[in-house]
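The structure under discussion appears below in the form of structure tokens.
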Amino acid sequence: MNEVRTDEEQVEALKNWWKENGKSLVIMIVVALAAVYGFKAWQQQGIESSENASALYQQLVDVVVPSADADKKENYATSKHLAKTLRDDFSDSQYAKLGALLMAKVAVNEGDLTRAEQELDWLLSVAKKPLLVSIASIRKSQILAQQEKYQMALDILSKVSLVSLKGQSSELQGDIYLSQGEKDKARTAYEKAVSLQSAGTSNPVLTMKLNDLTAEEG
């Protein structure tokens with residue numbers, strides 16, 4: 001009899017506990033399930049977004065390297081559209097950043113320096129990785145130098161932090177100083193660029209620039 005009463009008491013205790021806690025338990029379970037399925041949906045959305053960005057970037061590459069019979073003007077318009085779509089819809093992706101870098105190069109080849117600067121300025125505003133920041137800074141400096149904005153071109157080279165690109169940055173500094181007629185500074189920059197070359201490598205053009213300066217001074 002005592003066992004029966006004990007069972008009844010346990011059942012009654014469970015009923016009372018459910019009255020007090022059942023609702024909150026259901027809510028916790030629902031929240032947990034929502035979190036799990038929400039995370040899975042978020043993961044799937046991320047995969048689909050990456051795939052879409054990748055497809056757009058590949059289209060951009062295909063347009064940039066056109067067939068022989070392609071309409072150059074039409075291709076340039078298409079490349080601008082694709083680069084803008086990447087930047088607007090997938091701005092957080094690496095594909096958008098690589099697309100901006102590629103589009104800047106295409107714009108320079110087309111003589112559209114304004115568009116090239118816009119692409120590089122956007123890239124520099126969002127890029128965090130030293131490689132992208134360094135490449136974009138060098139290309140922006142080249143464009144500024146071409147426009148004879150020499151001081152601005154020199155200033156932006158300070159953003160080049162990647163060791164493997166510092167030699168290229170120093171050579172560009174030398175070119176800019178030489179364009180301004182500052183031969184001593186140009187020589188110093190070229191010598192620094194030479195010192196930054198990797199062991200066993202050489203840059204014939206850089207060597208020629210330095211030799212030309214030495215010959216003039218001699």
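Numbering starts fresh at 1 for the residues of each chain in the structure tokens, the chains themselves are lettered A, B, ... in the order given, and ligands are numbered from 1 as they appear.
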Spatial neighbours of Arg115 (chain A), 12 Å, only C-alpha atoms, chain gap at least 3 places, as a count of residues only: 26
Using DSSP secondary structure from the backbone, list all alpha helix (DSSP H) positions within region 133-214 of chain A, as a PyMOL selection string. chain A and resi 133-146+150-156+163-179+183-195+204-214
When you look at Glu74 (chain A) with a cut-off of 12 Å (counting only C-alpha atoms), what residues show up, excluding the ones that are within fewer than 6 positions of it in the same chain? I need them as a list in words. Val63, Val64, Pro66, Lys80 and His81 of chain A
Would you output that residue set with C-alpha atoms, as a PDB file, in the first residue's frame?
ATOM      1  CA  VAL A  63      34.517  39.028 -70.064  1.00  0.00           C
ATOM      2  CA  VAL A  64      37.911  40.526 -69.226  1.00  0.00           C
ATOM      3  CA  PRO A  66      37.321  37.993 -74.400  1.00  0.00           C
ATOM      4  CA  LYS A  80      31.421  47.252 -65.132  1.00  0.00           C
ATOM      5  CA  HIS A  81      27.970  45.808 -64.479  1.00  0.00           C
TER       6      HIS A  81
END
